[in-house]
Amino acid sequence: MTTYLDLLLLAALQRRGVRAEGVDATPAKILALRSDGFDRIFNVLHGTGGEDGVVSAAMSLLELPCTGSGVMASALSMDKLRTKRLWRGADLPTPAYRIPRSAQEAKRAVEELGLPLFVKPNNQ
């Protein structure tokens, strides 16, 4: 899905003289980028596929430079629990968290952490 911000970014690149095109990020389109004449990718995909390292991996296989973090960093950062564990293992500050698996555990998490708080899926 193309967003307003995607269109603004594309227009800004074009105004700066960059020969840029928006591409519908279907698997077939992504795999055809090199044969379609693209020589680098400005990845603005959000969420699964865009931020989890999948597109970065495809660009690496196609030998196309791509913005964003590398495959491993993208995949790791998409997994919030693994990222929390990595940060804590490196003594980096990160807010307290819980992984409730039931309504009762969710209620207990609110009691322990207080409000407001963020609730996010682990791998999205």
# chains A, B, ... in the order shown; residues from 1 in each chain; ligands from 1
>>> closest_atom_pairs(of="stretch 31-50 of chain A", to="stretch 56-72 of chain A", cutoff="8 Å", atoms="only C-alpha atoms", output="tab-separated table")
residue	atom	partner	partner_atom	distance
A:Leu31	CA	A:Ala58	CA	7.2
A:Arg34	CA	A:Leu62	CA	6.8
A:Asp39	CA	A:Leu64	CA	6.0
A:Arg40	CA	A:Pro65	CA	4.9
A:Ile41	CA	A:Cys66	CA	4.6
A:Phe42	CA	A:Thr67	CA	5.3
A:Asn43	CA	A:Thr67	CA	5.7
A:Gly50	CA	A:Ser56	CA	7.9
>>> residues_around(residues="stretch 100-110 of chain A", least_positions_apart="6", cutoff="10 Å", atoms="only C-alpha atoms", output="ChimeraX atom specification")
/A:116-117,119
>>> write_last_selection(atoms="C-alpha atoms", output="PDB file, in the first residue's frame")
ATOM      1  CA  PRO A 116       0.408   3.990  30.454  1.00  0.00           C
ATOM      2  CA  LEU A 117       2.187   1.154  28.681  1.00  0.00           C
ATOM      3  CA  VAL A 119       1.278  -3.501  23.970  1.00  0.00           C
TER       4      VAL A 119
END
>>> residues_around(residues="A:Ser74", least_positions_apart="6", cutoff="7 Å", atoms="only C-alpha atoms", output="list in words")
Glu51, Asp52 and Gly53 of chain A
>>> residues_around(residues="A:Asn122", least_positions_apart="2", cutoff="8 Å", atoms="only C-alpha atoms", output="PyMOL selection string")
chain A and resi 78-81+120+124
>>> write_last_selection(atoms="N, CA and C atoms", output="PDB file, in the first residue's frame")
ATOM      1  N   MET A  78      13.300  -7.133  14.678  1.00  0.00           N
ATOM      2  CA  MET A  78      11.871  -7.410  14.504  1.00  0.00           C
ATOM      3  C   MET A  78      11.352  -8.308  15.628  1.00  0.00           C
ATOM      4  N   ASP A  79      12.230  -9.089  16.225  1.00  0.00           N
ATOM      5  CA  ASP A  79      11.870  -9.962  17.338  1.00  0.00           C
ATOM      6  C   ASP A  79      12.149  -9.207  18.636  1.00  0.00           C
ATOM      7  N   LYS A  80      11.108  -8.634  19.203  1.00  0.00           N
ATOM      8  CA  LYS A  80      11.279  -7.746  20.357  1.00  0.00           C
ATOM      9  C   LYS A  80      11.854  -8.457  21.576  1.00  0.00           C
ATOM     10  N   LEU A  81      11.479  -9.713  21.817  1.00  0.00           N
ATOM     11  CA  LEU A  81      11.996 -10.437  22.969  1.00  0.00           C
ATOM     12  C   LEU A  81      13.497 -10.685  22.822  1.00  0.00           C
ATOM     13  N   LYS A 120       2.541  -4.589  22.217  1.00  0.00           N
ATOM     14  CA  LYS A 120       2.940  -4.834  20.838  1.00  0.00           C
ATOM     15  C   LYS A 120       3.123  -6.325  20.604  1.00  0.00           C
ATOM     16  N   GLN A 124       6.139  -8.264  14.939  1.00  0.00           N
ATOM     17  CA  GLN A 124       5.534  -7.418  13.899  1.00  0.00           C
ATOM     18  C   GLN A 124       5.993  -5.998  14.088  1.00  0.00           C
TER      19      GLN A 124
END
>>> closest_residue(among="A:Ser35, A:Pro93, A:Asp24, A:Val44", to="A:Asp6", atoms="only C-alpha atoms")
A:Val44
>>> residues_around(residues="A:Arg19", least_positions_apart="5", cutoff="10 Å", atoms="only C-alpha atoms", output="JSON, numbers by chain")
{"A": [10, 13, 14, 38]}
>>> atom_distance(atom1="atom CA of A:Leu86", atom2="atom CA of A:Asn123")
15.4 Å
>>> residues_around(residues="A:Thr2", least_positions_apart="5", cutoff="10 Å", atoms="only C-alpha atoms", output="PyMOL selection string")
chain A and resi 7+22-25+44-45
>>> write_last_selection(atoms="C-alpha atoms", output="tab-separated table (two decimals), in the first residue's frame")
chain	number	residue	atom	x	y	z
A	7	LEU	CA	4.55	9.71	-2.28
A	22	GLY	CA	7.75	3.73	-6.84
A	23	VAL	CA	7.45	-0.03	-7.12
A	24	ASP	CA	4.61	-2.20	-5.89
A	25	ALA	CA	6.48	-4.56	-3.56
A	44	VAL	CA	10.53	2.29	2.82
A	45	LEU	CA	8.46	-0.82	3.43
>>> select_by_dssp(residues="stretch 8-120 of chain A", states="alpha helix (DSSP H)", output="number ranges by chain")
A: 8-15, 27-31, 54-61, 71-78, 80-89, 103-113
>>> atom_distance(atom1="atom CA of A:Ala12", atom2="atom CA of A:Leu33")
21.3 Å
>>> atom_distance(atom1="atom CA of A:Glu21", atom2="atom CA of A:Thr48")
21.8 Å
>>> decode(residues="stretch 67-116 of chain A", atoms="N, CA and C atoms", output="short mmCIF file (atom, residue, chain, number, x, y, z; two decimals), in the first residue's frame")
data_model
loop_
_atom_site.label_atom_id
_atom_site.label_comp_id
_atom_site.auth_asym_id
_atom_site.auth_seq_id
_atom_site.Cartn_x
_atom_site.Cartn_y
_atom_site.Cartn_z
N THR A 67 18.88 0.58 1.24
CA THR A 67 18.91 1.32 2.50
C THR A 67 18.44 0.43 3.64
N GLY A 68 18.75 0.86 4.83
CA GLY A 68 18.29 0.15 6.01
C GLY A 68 19.39 -0.70 6.62
N SER A 69 19.04 -1.35 7.69
CA SER A 69 19.98 -2.24 8.37
C SER A 69 20.17 -3.50 7.56
N GLY A 70 21.20 -4.25 7.89
CA GLY A 70 21.44 -5.51 7.20
C GLY A 70 20.42 -6.56 7.58
N VAL A 71 20.56 -7.72 6.96
CA VAL A 71 19.61 -8.81 7.15
C VAL A 71 19.53 -9.23 8.62
N MET A 72 20.67 -9.51 9.24
CA MET A 72 20.67 -9.99 10.62
C MET A 72 20.12 -8.95 11.59
N ALA A 73 20.55 -7.70 11.44
CA ALA A 73 20.06 -6.65 12.34
C ALA A 73 18.56 -6.45 12.18
N SER A 74 18.09 -6.49 10.96
CA SER A 74 16.65 -6.33 10.71
C SER A 74 15.85 -7.47 11.31
N ALA A 75 16.30 -8.69 11.07
CA ALA A 75 15.59 -9.86 11.59
C ALA A 75 15.59 -9.85 13.12
N LEU A 76 16.72 -9.53 13.71
CA LEU A 76 16.82 -9.52 15.17
C LEU A 76 15.93 -8.43 15.77
N SER A 77 15.98 -7.24 15.20
CA SER A 77 15.20 -6.14 15.79
C SER A 77 13.70 -6.33 15.62
N MET A 78 13.30 -7.13 14.68
CA MET A 78 11.87 -7.41 14.50
C MET A 78 11.35 -8.31 15.63
N ASP A 79 12.23 -9.09 16.22
CA ASP A 79 11.87 -9.96 17.34
C ASP A 79 12.15 -9.21 18.64
N LYS A 80 11.11 -8.63 19.20
CA LYS A 80 11.28 -7.75 20.36
C LYS A 80 11.85 -8.46 21.58
N LEU A 81 11.48 -9.71 21.82
CA LEU A 81 12.00 -10.44 22.97
C LEU A 81 13.50 -10.69 22.82
N ARG A 82 13.92 -11.14 21.66
CA ARG A 82 15.36 -11.37 21.45
C ARG A 82 16.14 -10.06 21.57
N THR A 83 15.57 -8.98 21.05
CA THR A 83 16.24 -7.68 21.15
C THR A 83 16.36 -7.26 22.60
N LYS A 84 15.29 -7.42 23.39
CA LYS A 84 15.35 -7.09 24.81
C LYS A 84 16.46 -7.89 25.49
N ARG A 85 16.53 -9.18 25.21
CA ARG A 85 17.54 -10.04 25.83
C ARG A 85 18.96 -9.60 25.42
N LEU A 86 19.12 -9.26 24.17
CA LEU A 86 20.43 -8.79 23.70
C LEU A 86 20.82 -7.50 24.40
N TRP A 87 19.91 -6.55 24.48
CA TRP A 87 20.21 -5.28 25.14
C TRP A 87 20.54 -5.49 26.60
N ARG A 88 19.74 -6.30 27.28
CA ARG A 88 20.00 -6.54 28.71
C ARG A 88 21.33 -7.25 28.90
N GLY A 89 21.66 -8.18 28.02
CA GLY A 89 22.93 -8.88 28.09
C GLY A 89 24.12 -7.96 27.89
N ALA A 90 23.90 -6.87 27.17
CA ALA A 90 24.97 -5.88 26.93
C ALA A 90 24.88 -4.72 27.92
N ASP A 91 24.06 -4.86 28.95
CA ASP A 91 23.86 -3.81 29.96
C ASP A 91 23.38 -2.49 29.36
N LEU A 92 22.56 -2.57 28.32
CA LEU A 92 21.95 -1.38 27.73
C LEU A 92 20.59 -1.16 28.39
N PRO A 93 20.24 0.09 28.67
CA PRO A 93 18.95 0.34 29.34
C PRO A 93 17.78 0.05 28.40
N THR A 94 16.78 -0.60 28.94
CA THR A 94 15.56 -0.88 28.20
C THR A 94 14.42 -1.00 29.22
N PRO A 95 13.25 -0.50 28.89
CA PRO A 95 12.15 -0.55 29.86
C PRO A 95 11.77 -1.98 30.25
N ALA A 96 11.20 -2.10 31.42
CA ALA A 96 10.71 -3.40 31.88
C ALA A 96 9.61 -3.88 30.93
N TYR A 97 9.43 -5.18 30.87
CA TYR A 97 8.43 -5.74 29.96
C TYR A 97 7.86 -7.03 30.54
N ARG A 98 6.77 -7.44 29.99
CA ARG A 98 6.15 -8.71 30.32
C ARG A 98 5.63 -9.32 29.02
N ILE A 99 5.50 -10.63 29.03
CA ILE A 99 4.93 -11.32 27.88
C ILE A 99 3.73 -12.12 28.38
N PRO A 100 2.59 -11.46 28.49
CA PRO A 100 1.41 -12.16 29.01
C PRO A 100 0.86 -13.16 27.99
N ARG A 101 0.47 -14.30 28.49
CA ARG A 101 -0.09 -15.33 27.62
C ARG A 101 -1.55 -15.62 27.94
N SER A 102 -2.11 -14.81 28.83
CA SER A 102 -3.53 -14.96 29.18
C SER A 102 -4.03 -13.61 29.67
N ALA A 103 -5.33 -13.49 29.78
CA ALA A 103 -5.93 -12.25 30.29
C ALA A 103 -5.48 -11.99 31.71
N GLN A 104 -5.35 -13.04 32.51
CA GLN A 104 -4.91 -12.89 33.89
C GLN A 104 -3.46 -12.38 33.94
N GLU A 105 -2.59 -12.91 33.09
CA GLU A 105 -1.21 -12.45 33.05
C GLU A 105 -1.13 -11.01 32.55
N ALA A 106 -2.01 -10.64 31.63
CA ALA A 106 -2.04 -9.25 31.13
C ALA A 106 -2.44 -8.30 32.26
N LYS A 107 -3.43 -8.70 33.03
CA LYS A 107 -3.86 -7.87 34.17
C LYS A 107 -2.72 -7.71 35.18
N ARG A 108 -2.01 -8.80 35.44
CA ARG A 108 -0.89 -8.75 36.37
C ARG A 108 0.23 -7.85 35.82
N ALA A 109 0.45 -7.88 34.50
CA ALA A 109 1.46 -7.03 33.88
C ALA A 109 1.12 -5.55 34.08
N VAL A 110 -0.15 -5.20 33.93
CA VAL A 110 -0.58 -3.82 34.15
C VAL A 110 -0.35 -3.43 35.61
N GLU A 111 -0.68 -4.32 36.51
CA GLU A 111 -0.47 -4.03 37.93
C GLU A 111 1.01 -3.83 38.25
N GLU A 112 1.87 -4.64 37.64
CA GLU A 112 3.31 -4.56 37.93
C GLU A 112 3.99 -3.38 37.23
N LEU A 113 3.59 -3.12 35.99
CA LEU A 113 4.27 -2.08 35.20
C LEU A 113 3.61 -0.71 35.32
N GLY A 114 2.32 -0.70 35.60
CA GLY A 114 1.59 0.56 35.67
C GLY A 114 1.18 1.05 34.29
N LEU A 115 0.38 2.11 34.29
CA LEU A 115 -0.09 2.72 33.05
C LEU A 115 0.50 4.12 32.94
N PRO A 116 0.68 4.64 31.74
CA PRO A 116 0.41 3.99 30.45
C PRO A 116 1.52 3.00 30.10
#
